[in-house]
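The structure file start_7.txt is reproduced below (compact mmCIF, C-alpha atoms).
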```
# COMPACT_ATOMS: atom_id res chain seq x y z
CA MET A 11 159.30 -112.60 -97.38
CA ILE A 12 156.88 -111.97 -94.52
CA GLU A 13 154.47 -109.03 -94.73
CA LYS A 14 156.10 -106.87 -92.04
CA ASP A 15 159.50 -107.23 -93.75
CA ARG A 16 157.96 -106.30 -97.09
CA ASP A 17 156.38 -103.19 -95.58
CA PHE A 18 159.62 -102.25 -93.83
CA LEU A 19 161.64 -102.67 -97.01
CA GLU A 20 159.21 -100.68 -99.13
CA ALA A 21 159.37 -97.76 -96.67
CA TYR A 22 163.16 -98.00 -96.38
CA LEU A 23 163.70 -98.11 -100.16
CA GLN A 24 161.35 -95.20 -100.76
CA ASP A 25 163.01 -93.08 -98.08
CA ARG A 26 166.54 -93.77 -99.30
CA LYS A 27 165.56 -93.38 -102.95
CA LYS A 28 164.09 -89.94 -102.20
CA LEU A 29 167.30 -88.88 -100.42
CA VAL A 30 169.45 -90.10 -103.31
CA GLU A 31 167.35 -88.39 -105.98
CA GLU A 32 167.30 -85.09 -104.10
CA ALA A 33 171.09 -85.24 -103.81
CA LEU A 34 171.50 -86.20 -107.50
CA ARG A 35 169.49 -83.15 -108.54
CA SER A 36 171.73 -80.93 -106.44
CA TYR A 37 174.92 -82.41 -107.94
CA LEU A 38 173.70 -82.40 -111.56
CA MET A 39 173.08 -78.68 -111.81
CA PRO A 40 172.28 -77.22 -115.26
CA PRO A 41 175.27 -75.95 -117.24
CA GLU A 42 175.41 -72.86 -119.41
CA ASP A 43 172.83 -72.60 -122.21
CA ASN A 44 175.02 -73.80 -125.08
CA LEU A 45 175.35 -77.20 -123.35
CA ALA A 46 171.60 -77.65 -122.86
CA GLU A 47 171.32 -80.73 -125.10
CA ILE A 48 173.94 -82.83 -123.31
CA TYR A 49 172.42 -81.70 -120.01
CA LYS A 50 169.01 -82.94 -121.18
CA ALA A 51 170.49 -86.27 -122.27
CA VAL A 52 172.22 -86.79 -118.92
CA HIS A 53 169.13 -85.90 -116.92
CA TYR A 54 166.86 -88.00 -119.14
CA SER A 55 168.64 -91.22 -118.22
CA VAL A 56 169.47 -90.42 -114.60
CA PHE A 57 165.88 -89.51 -113.77
CA ALA A 58 164.10 -92.03 -116.01
CA GLY A 59 163.29 -94.18 -112.99
CA GLY A 60 165.16 -97.11 -111.52
CA LYS A 61 165.42 -98.72 -108.13
CA ARG A 62 168.69 -96.97 -107.07
CA ILE A 63 169.93 -100.29 -105.67
CA ARG A 64 173.65 -99.44 -105.69
CA PRO A 65 173.43 -96.13 -103.81
CA ILE A 66 170.89 -97.61 -101.40
CA LEU A 67 173.20 -100.56 -100.69
CA CYS A 68 176.02 -98.11 -100.00
CA LEU A 69 173.82 -96.23 -97.53
CA ALA A 70 172.59 -99.51 -95.99
CA ALA A 71 176.20 -100.54 -95.38
CA VAL A 72 176.72 -97.23 -93.57
CA ASP A 73 173.59 -97.91 -91.52
CA ALA A 74 174.79 -101.44 -90.72
CA VAL A 75 177.98 -100.20 -89.06
CA GLY A 76 176.42 -97.16 -87.39
CA GLY A 77 178.02 -94.59 -89.69
CA ASN A 78 176.98 -91.10 -90.78
CA LEU A 79 174.98 -90.81 -94.01
CA ALA A 80 176.12 -87.26 -94.86
CA PRO A 81 179.62 -88.09 -96.20
CA ALA A 82 178.19 -91.19 -97.91
CA MET A 83 175.58 -89.37 -99.99
CA PRO A 84 177.88 -87.99 -102.72
CA VAL A 85 179.53 -91.41 -102.97
CA ALA A 86 176.12 -93.05 -103.32
CA CYS A 87 175.20 -90.59 -106.06
CA ALA A 88 178.48 -91.18 -107.89
CA LEU A 89 177.71 -94.92 -107.89
CA GLU A 90 174.32 -94.24 -109.48
CA MET A 91 175.90 -91.98 -112.09
CA ILE A 92 178.38 -94.71 -113.04
CA HIS A 93 175.61 -97.29 -113.17
CA THR A 94 173.49 -95.05 -115.40
CA TYR A 95 176.43 -94.45 -117.74
CA SER A 96 176.80 -98.22 -118.11
CA LEU A 97 173.12 -98.61 -118.98
CA ILE A 98 173.26 -95.90 -121.65
CA HIS A 99 176.25 -97.57 -123.28
CA ASP A 100 174.85 -101.11 -122.90
CA ASP A 101 171.72 -100.05 -124.79
CA LEU A 102 173.62 -98.68 -127.82
CA PRO A 103 173.24 -100.41 -131.21
CA ALA A 104 176.87 -101.54 -131.08
CA MET A 105 176.23 -103.24 -127.74
CA ASP A 106 172.82 -104.70 -126.77
CA ASN A 107 170.79 -102.53 -129.18
CA ASP A 108 167.84 -102.04 -126.83
CA ASP A 109 164.92 -99.73 -127.53
CA LEU A 110 163.51 -99.59 -123.99
CA ARG A 111 165.01 -98.90 -120.59
CA ARG A 112 162.93 -98.40 -117.43
CA GLY A 113 159.81 -98.28 -119.59
CA LYS A 114 161.04 -95.40 -121.74
CA PRO A 115 162.87 -95.14 -125.07
CA THR A 116 166.61 -95.57 -124.58
CA SER A 117 168.90 -92.55 -124.73
CA HIS A 118 170.12 -93.10 -128.27
CA LYS A 119 166.52 -93.40 -129.48
CA VAL A 120 165.74 -89.95 -128.08
CA PHE A 121 169.00 -88.02 -128.52
CA GLY A 122 170.89 -90.00 -131.19
CA GLU A 123 173.88 -92.27 -130.78
CA GLY A 124 176.50 -89.54 -130.56
CA MET A 125 174.76 -87.64 -127.78
CA ALA A 126 173.98 -90.88 -125.92
CA ILE A 127 177.66 -91.86 -125.97
CA LEU A 128 178.60 -88.42 -124.67
CA ALA A 129 175.92 -88.55 -121.95
CA GLY A 130 177.44 -91.81 -120.72
CA ASP A 131 180.96 -90.36 -120.91
CA ALA A 132 179.80 -87.29 -118.99
CA LEU A 133 178.23 -89.33 -116.19
CA LEU A 134 181.30 -91.51 -115.73
CA THR A 135 183.60 -88.49 -115.65
CA GLU A 136 181.38 -86.36 -113.44
CA ALA A 137 181.08 -89.23 -110.96
CA PHE A 138 184.82 -89.06 -110.34
CA VAL A 139 184.75 -85.25 -110.25
CA LEU A 140 182.19 -85.57 -107.46
CA LEU A 141 184.18 -88.27 -105.62
CA SER A 142 187.35 -86.21 -105.71
CA ARG A 143 185.83 -82.96 -104.39
CA SER A 144 186.82 -82.60 -100.75
CA GLY A 145 184.04 -80.05 -100.27
CA LYS A 146 181.48 -82.73 -101.15
CA VAL A 147 183.00 -85.99 -99.84
CA ARG A 148 183.97 -84.87 -96.33
CA LEU A 149 186.35 -87.64 -95.40
CA PRO A 150 190.03 -87.84 -94.46
CA ALA A 151 192.07 -87.84 -97.69
CA GLU A 152 193.27 -91.44 -97.32
CA ARG A 153 189.76 -92.79 -96.81
CA ARG A 154 188.43 -90.75 -99.74
CA LEU A 155 191.24 -92.09 -101.94
CA ASN A 156 190.41 -95.65 -100.88
CA VAL A 157 186.79 -95.13 -101.88
CA ILE A 158 187.80 -93.68 -105.26
CA GLN A 159 190.20 -96.56 -105.94
CA GLU A 160 187.59 -99.18 -105.02
CA ILE A 161 184.94 -97.68 -107.28
CA ALA A 162 187.37 -97.04 -110.16
CA TYR A 163 188.57 -100.65 -110.03
CA ALA A 164 184.98 -101.92 -110.08
CA ALA A 165 184.07 -99.68 -113.03
CA GLY A 166 187.15 -100.40 -115.14
CA ILE A 167 188.66 -103.20 -117.14
CA PHE A 168 188.78 -105.58 -114.17
CA GLY A 169 185.13 -104.85 -113.38
CA MET A 170 182.24 -103.56 -115.51
CA VAL A 171 184.21 -102.81 -118.68
CA GLY A 172 185.93 -106.17 -118.63
CA GLY A 173 182.64 -107.92 -117.91
CA GLN A 174 180.95 -106.20 -120.84
CA ALA A 175 183.85 -107.15 -123.11
CA LEU A 176 183.58 -110.80 -122.05
CA ASP A 177 179.81 -110.62 -122.54
CA ILE A 178 180.26 -109.51 -126.15
CA LEU A 179 182.93 -112.13 -126.83
CA SER A 180 180.79 -114.90 -125.34
CA GLU A 181 177.85 -114.45 -127.70
CA GLN A 182 177.17 -117.51 -129.84
CA VAL A 183 179.68 -119.66 -127.96
CA PRO A 184 178.93 -123.00 -126.21
CA PRO A 185 177.45 -122.50 -122.71
CA ASP A 186 180.08 -122.48 -119.99
CA GLU A 187 179.28 -121.77 -116.34
CA ASN A 188 182.80 -120.58 -115.48
CA ILE A 189 182.76 -117.96 -118.24
CA LEU A 190 179.25 -116.91 -117.28
CA SER A 191 180.18 -116.54 -113.60
CA ASP A 192 183.18 -114.39 -114.55
CA ILE A 193 181.00 -112.14 -116.73
CA HIS A 194 178.41 -111.64 -114.01
CA ARG A 195 181.02 -111.12 -111.28
CA ARG A 196 182.61 -108.32 -113.29
CA LYS A 197 179.75 -106.77 -115.23
CA THR A 198 177.19 -106.56 -112.42
CA GLY A 199 178.76 -107.82 -109.23
CA ALA A 200 181.85 -105.61 -109.09
CA LEU A 201 180.06 -102.26 -108.72
CA ILE A 202 177.52 -103.70 -106.28
CA ALA A 203 180.32 -105.14 -104.11
CA ALA A 204 182.16 -101.81 -104.33
CA SER A 205 179.00 -100.02 -103.15
CA LEU A 206 178.98 -102.07 -99.95
CA LYS A 207 182.72 -101.75 -99.38
CA ALA A 208 182.59 -98.01 -99.99
CA GLY A 209 179.94 -97.68 -97.29
CA ALA A 210 182.19 -99.57 -94.88
CA VAL A 211 185.27 -97.48 -95.74
CA ILE A 212 183.35 -94.21 -95.42
CA SER A 213 182.28 -95.27 -91.93
CA ASP A 214 185.77 -96.44 -90.93
CA ALA A 215 184.38 -99.91 -90.19
CA THR A 216 186.61 -102.62 -88.76
CA LYS A 217 188.55 -104.86 -91.11
CA ASN A 218 186.27 -107.82 -90.33
CA LYS A 219 183.06 -105.86 -90.91
CA THR A 220 184.43 -104.39 -94.15
CA ALA A 221 185.32 -107.89 -95.40
CA ALA A 222 181.88 -109.20 -94.39
CA LEU A 223 180.10 -106.40 -96.26
CA PHE A 224 182.29 -106.96 -99.32
CA LYS A 225 181.44 -110.68 -99.26
CA TYR A 226 177.76 -109.78 -98.92
CA GLY A 227 178.15 -107.47 -101.93
CA ASN A 228 179.81 -110.12 -104.08
CA ASN A 229 177.01 -112.58 -103.39
CA ILE A 230 174.24 -110.03 -103.80
CA GLY A 231 175.79 -108.92 -107.09
CA MET A 232 175.71 -112.48 -108.41
CA ALA A 233 172.18 -112.99 -107.10
CA PHE A 234 170.97 -109.78 -108.73
CA GLN A 235 172.31 -110.76 -112.16
CA ILE A 236 171.03 -114.34 -111.94
CA ALA A 237 167.61 -112.88 -111.08
CA ASP A 238 167.93 -110.65 -114.17
CA ASP A 239 168.75 -113.70 -116.30
CA ILE A 240 165.66 -115.49 -114.99
CA LEU A 241 163.41 -112.47 -115.44
CA ASN A 242 164.63 -112.05 -119.03
CA VAL A 243 162.90 -115.39 -119.65
CA THR A 244 159.95 -115.27 -117.26
CA GLY A 245 159.45 -111.56 -116.51
CA ASP A 246 156.61 -109.25 -117.44
CA ARG A 247 157.69 -106.63 -120.02
CA GLU A 248 155.40 -103.99 -118.51
CA LEU A 249 156.66 -104.54 -114.96
CA MET A 250 160.30 -104.61 -116.00
CA GLY A 251 160.15 -101.63 -118.34
CA LYS A 252 162.29 -103.36 -120.97
CA ASP A 253 162.01 -106.14 -123.51
CA THR A 254 162.15 -109.75 -122.33
CA GLY A 255 163.57 -112.69 -124.27
CA SER A 256 166.36 -110.49 -125.64
CA ASP A 257 169.19 -112.61 -124.20
CA ALA A 258 168.10 -115.69 -126.16
CA LYS A 259 167.67 -113.68 -129.38
CA ARG A 260 171.24 -112.39 -129.12
CA GLY A 261 172.65 -115.80 -128.23
CA LYS A 262 173.88 -114.64 -124.83
CA ILE A 263 174.86 -117.21 -122.25
CA THR A 264 172.75 -116.93 -119.10
CA TYR A 265 172.15 -119.06 -116.04
CA PRO A 266 168.87 -120.50 -117.40
CA SER A 267 170.58 -121.37 -120.72
CA VAL A 268 173.61 -122.94 -119.00
CA LEU A 269 172.00 -124.67 -116.03
CA GLY A 270 168.30 -124.77 -116.84
CA MET A 271 165.64 -122.75 -115.02
CA GLU A 272 165.37 -124.84 -111.86
CA GLN A 273 169.12 -124.98 -111.25
CA ALA A 274 169.38 -121.25 -112.00
CA LYS A 275 166.83 -120.61 -109.24
CA GLU A 276 168.84 -122.84 -106.89
CA LYS A 277 171.98 -120.86 -107.73
CA LEU A 278 170.12 -117.64 -106.98
CA LYS A 279 168.97 -119.01 -103.62
CA TYR A 280 172.54 -120.14 -102.81
CA HIS A 281 174.00 -116.64 -103.30
CA VAL A 282 171.17 -115.01 -101.32
CA ASN A 283 171.79 -117.37 -98.41
CA GLU A 284 175.55 -116.78 -98.60
CA ALA A 285 174.99 -113.03 -98.54
CA ILE A 286 172.80 -113.24 -95.45
CA ALA A 287 175.23 -115.61 -93.72
CA SER A 288 178.13 -113.22 -94.34
CA ILE A 289 176.50 -110.54 -92.15
CA SER A 290 175.25 -112.90 -89.43
CA GLY A 291 177.46 -111.13 -86.88
CA PHE A 292 175.80 -107.75 -87.47
CA ASP A 293 173.04 -106.40 -85.25
CA GLU A 294 169.55 -105.12 -86.10
CA ARG A 295 171.03 -102.17 -88.01
CA ALA A 296 171.80 -104.62 -90.84
CA ARG A 297 168.13 -105.56 -91.17
CA PRO A 298 167.74 -103.67 -94.48
CA LEU A 299 170.59 -105.69 -96.01
CA ARG A 300 169.05 -108.98 -94.91
CA ILE A 301 165.65 -108.05 -96.32
CA VAL A 302 167.13 -106.70 -99.57
CA ALA A 303 168.72 -110.12 -100.11
CA ARG A 304 165.33 -111.82 -99.83
CA TYR A 305 163.78 -109.16 -102.05
CA ILE A 306 166.28 -109.95 -104.82
CA GLU A 307 165.32 -113.62 -104.64
CA GLU A 308 161.62 -112.77 -104.97
CA ARG A 309 161.74 -109.75 -107.29
CA LYS A 310 159.43 -109.55 -110.29
CA GLU A 311 160.95 -106.47 -111.96
```
Once more with this new file: its structure as structure tokens, please.
Amino acid sequence: MIEKDRDFLEAYLQDRKKLVEEALRSYLMPPEDNLAEIYKAVHYSVFAGGKRIRPILCLAAVDAVGGNLAPAMPVACALEMIHTYSLIHDDLPAMDNDDLRRGKPTSHKVFGEGMAILAGDALLTEAFVLLSRSGKVRLPAERRLNVIQEIAYAAGIFGMVGGQALDILSEQVPPDENILSDIHRRKTGALIAASLKAGAVISDATKNKTAALFKYGNNIGMAFQIADDILNVTGDRELMGKDTGSDAKRGKITYPSVLGMEQAKEKLKYHVNEAIASISGFDERARPLRIVARYIEERKE
């Protein structure tokens, strides 16, 4: 990535991240006193850090088609709430049993397993409360319903939940690229693709532009997870804020374990190039999406 693109992306990500976090704080208002502990658990994970990639991609899709960010912001925040719920549950002892997330102790290490489970449940539920509130998501009812359906599908059994189930079932099995691709497409790719499509639907984009953004999202989702697989082997624990080498210890199938490191990097490059090609017909407003794709290929954390 050239220096001016890196500077542009850093400024863009910081600006959008600030907008998202300000909106998240406004939506996650404190409840009554007797619910203080679950409130603390929810806020602990939501505001523990993170790149906010999914909400930023949603907003970037809106930018790419010349839409209005205001009705997209609650949708972007709901996407981050769903993503954070998935991280809390992924870290649980019954799942990946991780002690660190974003450089901090995982939710169950701080609040206990029961409260961590409930914090995840709360975030998933509150995300759909937010999406369904007409006073927050100011869109025609049909468009709002389309957004809700897209995100629900990506979060459910055909998306993240199904991908996590396949991930568990695939541990200690012979490496298989088809199974691995299906896991990544569901577990990581589905919500990322939905983030892009939601941005297009919010903005009432044309059918062709919506399809192009969805294709971009599918490829970026795969690229992001392949990069995670690679970084789990080669990454710096301090930069990443979580343990490395954990996939191999748990016997998980990953792109480096199935294809080898060099072919995994080629696969990553392929999906990045496909993502960029899918939005070749967009103008300069899609610049953030093009640069994000290159960032994913080069990321170190």
- request: Mind checking which residues fall within 12 Å of Ile193 (chain A), counting all atoms listed in the file, ignoring those fewer than 4 positions away in the same chain, and posting them as a ChimeraX atom specification?
  value: /A:167-181,186-189,197-200,231-232,235-236,262-265
message: For a cutoff of 8 Å around the file-coordinate point (178.2, -98.5, -106.2), which residues qualify once you count only C-alpha atoms? I'd like the result as number ranges by chain.
response: A: 64-65, 67-68, 85-86, 88-90, 92-93, 161, 201-206, 208
task: May I ask for the distance between CA of Ala164 (chain A) and CA of Leu140 (chain A), given in Å to one decimal place?
output: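 So the two atoms, CA of Ala164 (chain A) and CA of Leu140 (chain A), lie 16.8 Å apart.
Going from CA of Gly291 (chain A) over to CA of Asp15 (chain A), you cover 19.6 Å.
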message: Given all atoms listed in the file as the basis, pick out the residue of A:Glu152, A:Asp73, A:Glu47, A:Asp25 nearest to Ala129 (chain A).
response: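 Checking each candidate against Ala129 (chain A), we get A:Glu47 as the closest.
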- request: Choose the residue, out of A:Val30, A:Ala287, A:Leu128, A:Val211, that has the smallest atom-to-atom separation from Arg154 (chain A); count only C-alpha atoms.
  value: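 With only C-alpha atoms as the atom set, the closest residue is A:Val211.
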